[in-house]
>>> print(open('final.cif').read())   # mmCIF, C-alpha atoms
data_input
loop_
_atom_site.label_atom_id
_atom_site.label_comp_id
_atom_site.auth_asym_id
_atom_site.auth_seq_id
_atom_site.Cartn_x
_atom_site.Cartn_y
_atom_site.Cartn_z
CA MET A 1 149.49 64.02 196.50
CA ILE A 2 148.72 67.65 195.79
CA ASN A 3 151.45 70.05 196.79
CA SER A 4 153.31 73.13 195.59
CA VAL A 5 156.89 73.80 194.61
CA GLN A 6 159.24 76.08 196.49
CA ASN A 7 159.11 79.80 195.87
CA VAL A 8 162.08 80.17 193.53
CA GLY A 9 162.48 81.86 190.21
CA PRO A 10 163.34 80.32 186.87
CA ASP A 11 166.60 78.41 186.55
CA GLY A 12 166.81 78.10 190.31
CA GLN A 13 167.17 81.84 190.92
CA GLY A 14 165.34 83.88 193.52
CA PRO A 15 161.88 85.35 193.11
CA GLN A 16 161.50 87.83 190.28
CA GLN A 17 159.18 90.81 190.32
CA LEU A 18 156.74 91.25 187.47
CA ARG A 19 155.91 94.60 185.99
CA ARG A 20 152.25 95.57 186.00
CA ARG A 21 152.61 96.56 182.37
CA ASP A 22 153.55 92.99 181.45
CA LEU A 23 150.75 91.54 183.56
CA PHE A 24 148.26 93.87 181.90
CA SER A 25 149.58 93.21 178.38
CA TYR A 26 149.28 89.47 178.92
CA GLY A 27 145.99 89.45 180.82
CA LEU A 28 144.12 91.99 178.70
CA MET A 29 143.07 89.30 176.23
CA ALA A 30 140.92 87.74 178.97
CA LEU A 31 138.62 90.79 178.83
CA PRO A 32 137.36 90.36 175.23
CA LEU A 33 137.28 86.58 175.74
CA ALA A 34 134.96 86.87 178.72
CA PHE A 35 133.02 89.68 177.05
CA ALA A 36 132.10 87.41 174.13
CA GLY A 37 130.51 84.70 176.26
CA LEU A 38 127.30 86.46 177.31
CA PRO A 39 126.34 87.78 173.84
CA ILE A 40 126.96 84.36 172.26
CA TYR A 41 124.95 82.23 174.69
CA LEU A 42 122.52 84.72 176.23
CA HIS A 43 121.79 87.61 173.87
CA ALA A 44 122.12 85.88 170.48
CA PRO A 45 119.38 83.26 171.05
CA ASP A 46 117.04 85.96 172.28
CA PHE A 47 117.90 88.12 169.25
CA TYR A 48 117.28 85.29 166.78
CA ALA A 49 114.04 84.27 168.49
CA GLY A 50 112.58 87.69 169.31
CA THR A 51 113.76 89.76 166.35
CA LEU A 52 114.15 87.16 163.60
CA GLY A 53 111.27 84.92 164.70
CA GLN A 54 113.21 81.67 164.92
CA SER A 55 112.01 78.73 167.00
CA LEU A 56 113.40 78.59 170.53
CA THR A 57 113.35 74.81 170.33
CA SER A 58 115.50 74.80 167.20
CA LEU A 59 117.88 77.34 168.69
CA GLY A 60 118.14 75.31 171.89
CA ILE A 61 118.93 72.08 170.03
CA LEU A 62 121.55 73.85 167.93
CA LEU A 63 123.19 75.39 170.98
CA LEU A 64 123.25 72.06 172.80
CA ALA A 65 124.92 70.38 169.83
CA LEU A 66 127.38 73.25 169.39
CA ARG A 67 128.29 73.18 173.08
CA ALA A 68 129.02 69.47 172.79
CA VAL A 69 131.28 70.03 169.77
CA ASP A 70 132.92 72.98 171.52
CA ALA A 71 133.83 70.84 174.53
CA ILE A 72 135.00 67.82 172.54
CA GLN A 73 137.32 69.86 170.33
CA ASP A 74 139.23 71.36 173.28
CA PRO A 75 141.58 68.35 173.68
CA LEU A 76 142.28 68.43 169.93
CA ILE A 77 143.15 72.12 170.14
CA GLY A 78 145.41 71.38 173.12
CA SER A 79 147.19 68.58 171.24
CA LEU A 80 147.76 70.68 168.14
CA SER A 81 148.96 73.63 170.22
CA ASP A 82 151.53 71.40 171.95
CA ARG A 83 152.68 69.62 168.79
CA TYR A 84 153.14 72.90 166.89
CA HIS A 85 154.07 75.11 169.84
CA GLN A 86 156.63 76.98 167.72
CA HIS A 87 153.66 78.38 165.75
CA ARG A 88 151.71 79.55 168.81
CA THR A 89 151.58 83.12 167.49
CA LEU A 90 149.92 81.85 164.32
CA PHE A 91 147.44 79.83 166.39
CA LEU A 92 146.52 82.92 168.38
CA VAL A 93 146.06 85.10 165.31
CA LEU A 94 143.90 82.43 163.68
CA GLY A 95 141.82 82.09 166.85
CA VAL A 96 141.34 85.84 167.14
CA MET A 97 140.25 86.11 163.50
CA MET A 98 137.72 83.32 164.01
CA LEU A 99 136.44 84.84 167.26
CA GLY A 100 136.06 88.32 165.79
CA GLY A 101 134.66 87.13 162.46
CA GLY A 102 132.19 84.75 164.08
CA PHE A 103 131.06 87.45 166.50
CA TRP A 104 130.39 89.84 163.62
CA MET A 105 128.53 87.15 161.67
CA LEU A 106 126.36 86.28 164.66
CA PHE A 107 124.80 89.73 164.88
CA HIS A 108 124.70 90.40 161.14
CA PRO A 109 122.63 87.38 160.06
CA ARG A 110 121.81 86.19 156.58
CA LEU A 111 118.03 86.55 156.66
CA SER A 112 117.36 83.91 154.02
CA THR A 113 118.91 81.11 156.16
CA PRO A 114 119.08 82.45 159.74
CA LEU A 115 119.37 79.10 161.57
CA ALA A 116 122.19 77.81 159.36
CA TRP A 117 123.93 81.18 159.68
CA PHE A 118 123.47 81.07 163.47
CA ALA A 119 125.02 77.58 163.69
CA MET A 120 127.97 78.51 161.47
CA ALA A 121 128.62 81.79 163.31
CA VAL A 122 128.51 80.19 166.77
CA PHE A 123 130.80 77.34 165.66
CA ILE A 124 133.39 79.73 164.19
CA CYS A 125 133.16 82.03 167.18
CA THR A 126 133.44 79.34 169.87
CA THR A 127 136.24 77.52 168.07
CA GLY A 128 138.22 80.76 167.92
CA PHE A 129 137.39 81.38 171.57
CA SER A 130 138.76 77.95 172.57
CA ILE A 131 141.95 78.36 170.54
CA VAL A 132 142.73 81.73 172.12
CA SER A 133 141.65 80.73 175.63
CA ILE A 134 143.70 77.51 175.78
CA ASN A 135 146.82 79.16 174.38
CA LEU A 136 146.43 82.20 176.65
CA GLN A 137 146.32 79.93 179.71
CA THR A 138 149.29 77.98 178.38
CA LEU A 139 151.35 81.15 178.00
CA GLY A 140 150.64 81.98 181.64
CA GLY A 141 151.60 78.43 182.61
CA ILE A 142 155.00 78.50 180.85
CA TRP A 143 155.90 82.07 181.86
CA GLN A 144 159.19 81.65 183.74
CA VAL A 145 158.56 83.26 187.10
CA SER A 146 158.53 82.26 190.76
CA GLU A 147 155.72 80.27 192.35
CA HIS A 148 154.05 83.27 193.98
CA GLN A 149 154.25 85.31 190.78
CA ARG A 150 152.23 82.64 188.99
CA THR A 151 149.31 83.46 191.24
CA ARG A 152 149.72 87.12 190.30
CA ILE A 153 149.60 86.14 186.64
CA THR A 154 146.39 84.13 186.97
CA SER A 155 144.85 86.75 189.26
CA TRP A 156 145.40 89.56 186.76
CA ARG A 157 144.09 87.43 183.92
CA GLU A 158 140.96 86.30 185.75
CA ALA A 159 140.25 89.75 187.20
CA LEU A 160 140.33 91.25 183.71
CA GLY A 161 138.07 88.40 182.59
CA LEU A 162 135.54 89.26 185.30
CA LEU A 163 135.71 92.89 184.17
CA GLY A 164 134.87 91.64 180.68
CA LEU A 165 131.83 89.79 182.05
CA LEU A 166 130.61 92.92 183.82
CA THR A 167 131.12 94.98 180.66
CA ALA A 168 129.21 92.44 178.58
CA ALA A 169 126.36 92.42 181.08
CA MET A 170 125.92 96.19 180.85
CA GLY A 171 126.97 96.76 177.23
CA PRO A 172 123.84 95.78 175.27
CA ALA A 173 121.58 97.83 177.54
CA LEU A 174 123.78 100.92 177.27
CA LEU A 175 124.40 100.61 173.52
CA GLY A 176 120.78 99.71 172.82
CA ALA A 177 119.18 102.68 174.55
CA ASN A 178 116.46 104.14 172.34
CA SER A 179 117.22 101.78 169.43
CA ASP A 180 116.05 98.47 167.98
CA PRO A 181 117.91 95.20 168.77
CA SER A 182 119.60 95.01 165.36
CA THR A 183 121.11 98.46 165.83
CA ALA A 184 122.08 97.69 169.42
CA PHE A 185 123.98 94.54 168.48
CA HIS A 186 125.58 96.25 165.49
CA ARG A 187 126.94 98.83 167.92
CA LEU A 188 128.09 96.02 170.20
CA THR A 189 130.20 94.44 167.47
CA ILE A 190 131.57 97.83 166.45
CA ALA A 191 132.72 98.29 170.06
CA TYR A 192 133.97 94.72 170.45
CA LEU A 193 136.25 94.34 167.44
CA PRO A 194 138.63 97.23 168.29
CA LEU A 195 138.81 95.93 171.87
CA LEU A 196 139.77 92.48 170.55
CA ALA A 197 142.34 94.01 168.20
CA VAL A 198 144.00 96.04 170.96
CA ALA A 199 144.16 93.01 173.26
CA THR A 200 145.71 90.95 170.45
CA TRP A 201 148.32 93.60 169.74
CA ALA A 202 149.21 93.83 173.43
CA LEU A 203 149.53 90.05 173.79
CA LEU A 204 151.67 89.59 170.67
CA ALA A 205 153.93 92.48 171.70
CA TRP A 206 154.36 90.92 175.14
CA MET A 207 155.20 87.52 173.62
CA LYS A 208 158.21 88.99 171.79
CA THR A 209 160.07 89.66 175.05
CA ALA A 210 158.36 87.37 177.57
CA PRO A 211 160.54 84.71 179.24
CA LEU A 212 158.60 81.65 178.11
CA ALA A 213 159.87 78.14 178.89
CA GLN A 214 159.94 76.04 175.75
CA PRO A 215 159.73 72.23 175.59
CA GLN A 216 163.13 70.63 176.07
CA GLU A 217 164.89 69.10 173.11
CA THR A 218 164.38 65.39 172.72
CA PHE A 219 167.33 63.45 174.14
CA LYS A 220 169.40 61.71 171.48
CA PRO A 221 171.57 58.70 172.38
CA SER A 222 174.92 58.01 170.76
CA GLY A 223 173.29 56.56 167.66
CA GLY A 224 171.71 59.93 166.93
CA LYS A 225 168.10 58.73 167.06
CA PRO A 226 165.74 59.69 169.85
CA SER A 227 164.96 56.94 172.30
CA GLY A 228 161.42 55.54 172.52
CA ASP A 229 160.95 57.06 175.98
CA ALA A 230 162.22 60.42 174.79
CA VAL A 231 159.91 60.45 171.80
CA GLY A 232 156.98 59.50 174.00
CA LYS A 233 157.80 62.29 176.41
CA ALA A 234 158.30 64.85 173.63
CA ARG A 235 155.15 64.02 171.69
CA GLY A 236 153.17 62.72 174.61
CA SER A 237 149.92 60.82 174.57
CA TRP A 238 146.70 61.50 176.41
CA ARG A 239 147.01 58.16 178.16
CA ALA A 240 150.49 59.00 179.44
CA LEU A 241 149.42 62.49 180.38
CA ILE A 242 146.55 61.46 182.65
CA ARG A 243 148.34 58.38 184.01
CA ASN A 244 150.44 60.66 186.21
CA PRO A 245 149.08 60.22 189.79
CA TRP A 246 149.42 63.91 190.70
CA ARG A 247 147.47 64.98 187.63
CA CYS A 248 144.73 62.41 188.25
CA ARG A 249 144.17 63.74 191.76
CA PHE A 250 144.42 67.37 190.76
CA PHE A 251 142.00 67.14 187.85
CA ALA A 252 139.56 65.05 189.91
CA LEU A 253 139.60 67.67 192.68
CA PHE A 254 139.23 70.45 190.14
CA ALA A 255 136.28 68.73 188.45
CA LEU A 256 134.44 68.07 191.72
CA ASN A 257 135.00 71.62 192.94
CA THR A 258 133.88 73.06 189.60
CA LEU A 259 130.73 70.94 189.66
CA ALA A 260 129.94 72.25 193.15
CA SER A 261 130.25 75.83 191.86
CA ALA A 262 128.32 75.16 188.65
CA ILE A 263 125.11 74.02 190.37
CA PRO A 264 124.31 77.40 191.99
CA ALA A 265 125.36 79.11 188.75
CA VAL A 266 122.67 77.13 186.90
CA LEU A 267 120.00 77.76 189.54
CA VAL A 268 120.80 81.30 190.66
CA LEU A 269 118.11 83.11 188.66
CA PHE A 270 115.44 80.61 189.76
CA PHE A 271 116.49 81.05 193.39
CA ILE A 272 116.45 84.84 193.20
CA ARG A 273 113.06 85.01 191.53
CA ASP A 274 111.08 82.17 193.12
CA ARG A 275 112.71 81.77 196.55
CA LEU A 276 113.64 85.34 197.39
CA GLY A 277 111.02 87.13 195.27
CA ALA A 278 113.68 89.58 194.12
CA ALA A 279 113.83 89.17 190.35
CA GLU A 280 114.29 92.92 189.87
CA TYR A 281 117.59 92.73 191.78
CA SER A 282 119.10 89.91 189.72
CA GLY A 283 121.48 92.19 187.86
CA LEU A 284 122.64 93.84 191.06
CA PHE A 285 123.29 90.49 192.74
CA LEU A 286 125.37 89.28 189.79
CA LEU A 287 127.25 92.58 189.73
CA VAL A 288 128.14 92.17 193.42
CA TYR A 289 129.22 88.56 192.86
CA PHE A 290 131.57 89.23 189.95
CA LEU A 291 132.84 92.51 191.36
CA PHE A 292 133.86 90.89 194.65
CA GLY A 293 135.44 88.05 192.68
CA ALA A 294 137.68 90.55 190.91
CA LEU A 295 138.42 92.55 194.06
CA ALA A 296 139.37 89.37 195.94
CA MET A 297 142.34 88.59 193.69
CA PRO A 298 144.91 90.54 195.77
CA LEU A 299 143.61 88.81 198.91
CA TRP A 300 144.28 85.34 197.51
CA GLN A 301 147.67 86.44 196.19
CA TRP A 302 148.62 87.61 199.67
CA LEU A 303 147.25 84.55 201.43
CA SER A 304 148.80 82.05 199.02
CA LYS A 305 152.18 83.68 199.54
CA ARG A 306 151.79 83.44 203.33
CA VAL A 307 150.33 79.96 203.78
CA GLY A 308 150.57 78.28 200.34
CA LYS A 309 148.24 77.81 197.41
CA ILE A 310 146.69 74.53 198.54
CA GLN A 311 145.90 75.95 201.98
CA SER A 312 144.47 79.11 200.42
CA TRP A 313 142.29 77.05 198.11
CA ALA A 314 141.07 75.12 201.14
CA VAL A 315 140.22 78.37 202.94
CA SER A 316 138.16 79.51 199.94
CA MET A 317 136.25 76.22 199.94
CA ALA A 318 135.51 76.58 203.65
CA LEU A 319 134.29 80.14 203.07
CA SER A 320 132.02 78.94 200.26
CA ILE A 321 130.60 76.14 202.43
CA ILE A 322 129.78 78.48 205.31
CA THR A 323 128.24 81.02 202.93
CA PHE A 324 125.96 78.55 201.18
CA LEU A 325 124.93 76.87 204.42
CA TRP A 326 123.61 80.28 205.41
CA ALA A 327 121.90 80.63 202.03
CA VAL A 328 119.88 77.46 202.70
CA PHE A 329 117.94 79.31 205.41
CA LEU A 330 117.25 82.53 203.51
CA LYS A 331 113.60 83.42 203.05
CA ASP A 332 111.44 85.58 200.83
CA GLY A 333 112.51 89.22 200.73
CA GLN A 334 115.90 88.86 202.47
CA ILE A 335 117.63 90.99 199.86
CA GLU A 336 120.41 92.44 202.02
CA ALA A 337 121.34 89.03 203.39
CA TYR A 338 121.53 87.52 199.91
CA ALA A 339 123.65 90.44 198.69
CA LEU A 340 126.12 89.48 201.44
CA VAL A 341 125.97 85.86 200.26
CA CYS A 342 126.86 87.10 196.77
CA ALA A 343 129.77 89.13 198.13
CA LEU A 344 131.21 86.27 200.19
CA SER A 345 130.75 83.67 197.47
CA GLY A 346 132.35 86.15 195.07
CA LEU A 347 135.41 86.21 197.30
CA ALA A 348 135.59 82.41 197.04
CA LEU A 349 135.15 82.66 193.27
CA GLY A 350 138.37 84.66 193.07
CA ALA A 351 140.32 81.75 194.55
CA ASP A 352 138.63 79.19 192.30
CA LEU A 353 139.65 81.20 189.25
CA ALA A 354 143.20 82.14 190.28
CA LEU A 355 144.63 79.24 192.31
CA PRO A 356 144.03 76.00 190.32
CA PRO A 357 145.72 77.33 187.13
CA SER A 358 148.59 78.61 189.26
CA ILE A 359 148.98 75.22 190.96
CA LEU A 360 148.99 73.51 187.57
CA ALA A 361 151.60 75.98 186.31
CA ASP A 362 153.80 75.05 189.29
CA HIS A 363 153.49 71.39 188.32
CA ILE A 364 154.43 72.17 184.71
CA ALA A 365 157.49 74.15 185.80
CA THR A 366 158.64 71.58 188.36
CA GLY A 367 158.26 68.61 186.02
CA LYS A 368 159.52 70.52 182.96
CA SER A 369 156.28 69.51 181.24
CA GLN A 370 156.01 72.46 178.85
CA ALA A 371 155.51 69.99 175.97
CA GLU A 372 152.19 68.99 177.57
CA ALA A 373 151.09 72.40 178.87
CA SER A 374 148.40 73.13 176.28
CA ARG A 375 146.84 69.70 176.71
CA MET A 376 146.70 70.10 180.48
CA PHE A 377 145.05 73.49 180.24
CA SER A 378 142.68 72.21 177.56
CA LEU A 379 141.70 69.44 179.98
CA MET A 380 140.88 72.07 182.60
CA THR A 381 138.73 73.86 180.04
CA LEU A 382 136.99 70.61 179.09
CA LEU A 383 136.27 69.76 182.74
CA SER A 384 134.81 73.23 183.33
CA LYS A 385 132.43 72.88 180.40
CA ALA A 386 131.54 69.30 181.35
CA SER A 387 130.82 70.35 184.94
CA LEU A 388 128.43 73.06 183.77
CA ALA A 389 126.66 70.60 181.48
CA LEU A 390 126.44 67.99 184.25
CA ALA A 391 125.13 70.59 186.70
CA THR A 392 122.41 71.53 184.22
CA GLY A 393 121.56 67.90 183.54
CA LEU A 394 121.51 67.05 187.26
CA ALA A 395 119.91 70.01 189.01
CA LEU A 396 117.10 70.92 186.62
CA PRO A 397 115.65 67.39 186.24
CA LEU A 398 115.82 66.86 190.01
CA LEU A 399 113.84 70.05 190.57
CA GLY A 400 111.36 69.01 187.87
CA LEU A 401 110.84 65.62 189.52
CA ALA A 402 110.13 67.41 192.80
CA GLY A 403 107.34 69.39 191.11
CA TYR A 404 109.12 72.71 190.66
CA GLN A 405 108.42 74.78 187.57
CA PRO A 406 109.81 78.30 187.11
CA GLY A 407 107.28 81.01 187.97
CA ILE A 408 104.70 78.80 189.67
CA ALA A 409 103.26 79.51 193.11
CA MET A 410 105.78 78.26 195.67
CA THR A 411 104.81 75.98 198.55
CA ALA A 412 106.88 75.33 201.67
CA GLU A 413 108.05 72.03 200.16
CA LEU A 414 109.08 73.64 196.88
CA ASN A 415 110.91 76.43 198.72
CA LEU A 416 112.85 73.82 200.69
CA THR A 417 113.61 71.80 197.56
CA LEU A 418 114.89 74.85 195.71
CA SER A 419 117.03 75.95 198.67
CA LEU A 420 118.51 72.48 199.11
CA SER A 421 119.28 72.18 195.39
CA TYR A 422 120.75 75.66 195.08
CA ALA A 423 122.77 75.79 198.31
CA ALA A 424 122.86 72.50 200.26
CA LEU A 425 123.88 70.17 197.41
CA PRO A 426 126.88 72.36 196.48
CA CYS A 427 127.87 72.42 200.17
CA VAL A 428 127.96 68.62 200.25
CA LEU A 429 130.13 68.50 197.13
CA LYS A 430 132.40 71.28 198.39
CA THR A 431 132.81 69.52 201.74
CA ILE A 432 133.83 66.28 200.04
CA THR A 433 136.32 68.23 197.91
CA LEU A 434 137.71 70.10 200.92
CA VAL A 435 138.21 66.93 202.99
CA TRP A 436 139.87 65.20 200.05
CA LEU A 437 142.14 68.20 199.41
CA LEU A 438 143.19 68.40 203.08
CA CYS A 439 143.89 64.67 203.19
CA GLN A 440 146.10 64.95 200.13
CA ALA A 441 147.89 67.99 201.54
CA ASN A 442 148.46 66.18 204.86
CA HIS A 443 149.78 63.12 203.04
CA SER A 444 152.15 65.34 201.08
CA ALA A 445 153.40 67.03 204.25
CA GLN A 446 154.06 63.68 205.92
CA ALA A 447 155.96 62.40 202.90
CA THR A 448 158.09 65.55 202.85
CA SER A 449 158.80 65.19 206.58
CA LEU A 450 159.91 61.56 206.13
CA LYS A 451 162.27 62.53 203.32
CA ALA A 452 163.76 65.26 205.49
#
>>> encode(input="final.cif", output="structure tokens")
Amino acid sequence: MINSVQNVGPDGQGPQQLRRRDLFSYGLMALPLAFAGLPIYLHAPDFYAGTLGQSLTSLGILLLALRAVDAIQDPLIGSLSDRYHQHRTLFLVLGVMMLGGGFWMLFHPRLSTPLAWFAMAVFICTTGFSIVSINLQTLGGIWQVSEHQRTRITSWREALGLLGLLTAAMGPALLGANSDPSTAFHRLTIAYLPLLAVATWALLAWMKTAPLAQPQETFKPSGGKPSGDAVGKARGSWRALIRNPWRCRFFALFALNTLASAIPAVLVLFFIRDRLGAAEYSGLFLLVYFLFGALAMPLWQWLSKRVGKIQSWAVSMALSIITFLWAVFLKDGQIEAYALVCALSGLALGADLALPPSILADHIATGKSQAEASRMFSLMTLLSKASLALATGLALPLLGLAGYQPGIAMTAELNLTLSLSYAALPCVLKTITLVWLLCQANHSAQATSLKA
């Protein structure tokens, strides 16, 4: 069953208020993390192909392989972060150095071997990104606060992350005005590294005083040696971790919901250009989407406190379903209507970003599972990346089989196919997820009532 814990503070005390300064110091790291994503996967390939004359095919194959490695290494990073949790500060510093160094390398290529340099830079950068991201989420998950405050923590972190996305989307254009691409990206790295350094300083300073729950000491029987069960619980195994029924249901729901959100993310630019005929407004639509996602965070904080996190998550899914059902029927030139779709789906995005990590943090606190926290958050990261890859591998071939090619003249059949793929298919997946979530919540409520 999927349910939440009661709204109490650490050690059984009442709810504790969090200072905005602490929330900002912790969450600020999400901004440079999110900022790095667009230049790595969007701007860098274009820079290497357009400016350095490298083959798009070669770059695409390299990126595909690097994405696979990036996803596979997440569980390893989670395991190491749990096993050596007492060195988490060192992990974070190492990750930041790799992220910053790889980012600098990426836009200062070695011209004699650009493809090898590209592969090495992306690997270093994405590995550092994963180390910092997994440990940042873990810190939020083991922060000793009340249930409602956990939603505040994730909301601040994800809102700052969305701000980083918006900054990255506008940064290259602003910094590259009246200059060549090499100069523009040099300026981008010059701006990025101090931002990363400040965020690191703020996070490490916060960690010195933050009330973080540490893994419990292994129980020792009278003989002085840890029992087999205690050792298994302390060290943990992936098999034991995912054998827990609650976790199986939670991660399955999370994966299905993430897949439903990933499909329109993959197809959005095709839909805007070929279905709506509004390619020139693509940036504006994305701005509205991410901006409303950030602005929605206080709404989901308020609602989750009033009705619960599971119920709030269900409301966001229902909002997303209604919004995308409407999007199915949009036609060429309906710019204002699609802007509203972006705003409403952005509101739902805020819940998808803030609530699942908060629910998982409740589970960690209730079960005293801090020794497994990094692995659980690394599994969330892995599922997010796998969902995006699956959405790409599912949606694009289906459209290709139906005869759609980007930029071709659209027929009524192709318009319908694109609309169904972009909006209707995610609605089906979201509906399945919503029904499953409500069934689990109802089952949990009945079990609680019987115990009472």
>>> resolve_selection(input="final.cif", expression="the PyMOL selection byres ((chain A and resi 342) around 10)", output="number ranges by chain")
A: 284-293, 323-324, 327, 336-341, 343-348
>>> resolve_selection(input="final.cif", expression="the PyMOL selection byres ((chain A and resi 73) around 12)", output="VMD selection string")
chain A and resid 66 to 72 74 to 80 123 126 to 131 134 375 378 to 379 381 to 382 385
>>> residues_around(input="final.cif", residues="Lys208 (chain A)", least_positions_apart="2", cutoff="12 Å", atoms="only C-alpha atoms", output="PyMOL selection string")
chain A and resi 22+25-26+88-89+201-206+210-212
>>> axis_aligned_box(input="final.cif", around="region 420-423 of chain A", padding_each_side="5 Å", output="JSON")
{"center_x": 120.6, "center_y": 74.0, "center_z": 197.1, "size_x": 14.3, "size_y": 13.6, "size_z": 14.0}
>>> resolve_selection(input="final.cif", expression="the PyMOL selection byres ((chain A and resi 277) around 12)", output="list of chain:residue names")
A:Leu269, A:Phe270, A:Phe271, A:Ile272, A:Arg273, A:Asp274, A:Arg275, A:Leu276, A:Ala278, A:Ala279, A:Glu280, A:Tyr281, A:Ser282, A:Leu330, A:Lys331, A:Asp332, A:Gly333, A:Gln334, A:Ile335, A:Tyr338, A:Gly407, A:Ile408, A:Ala409, A:Met410, A:Asn415
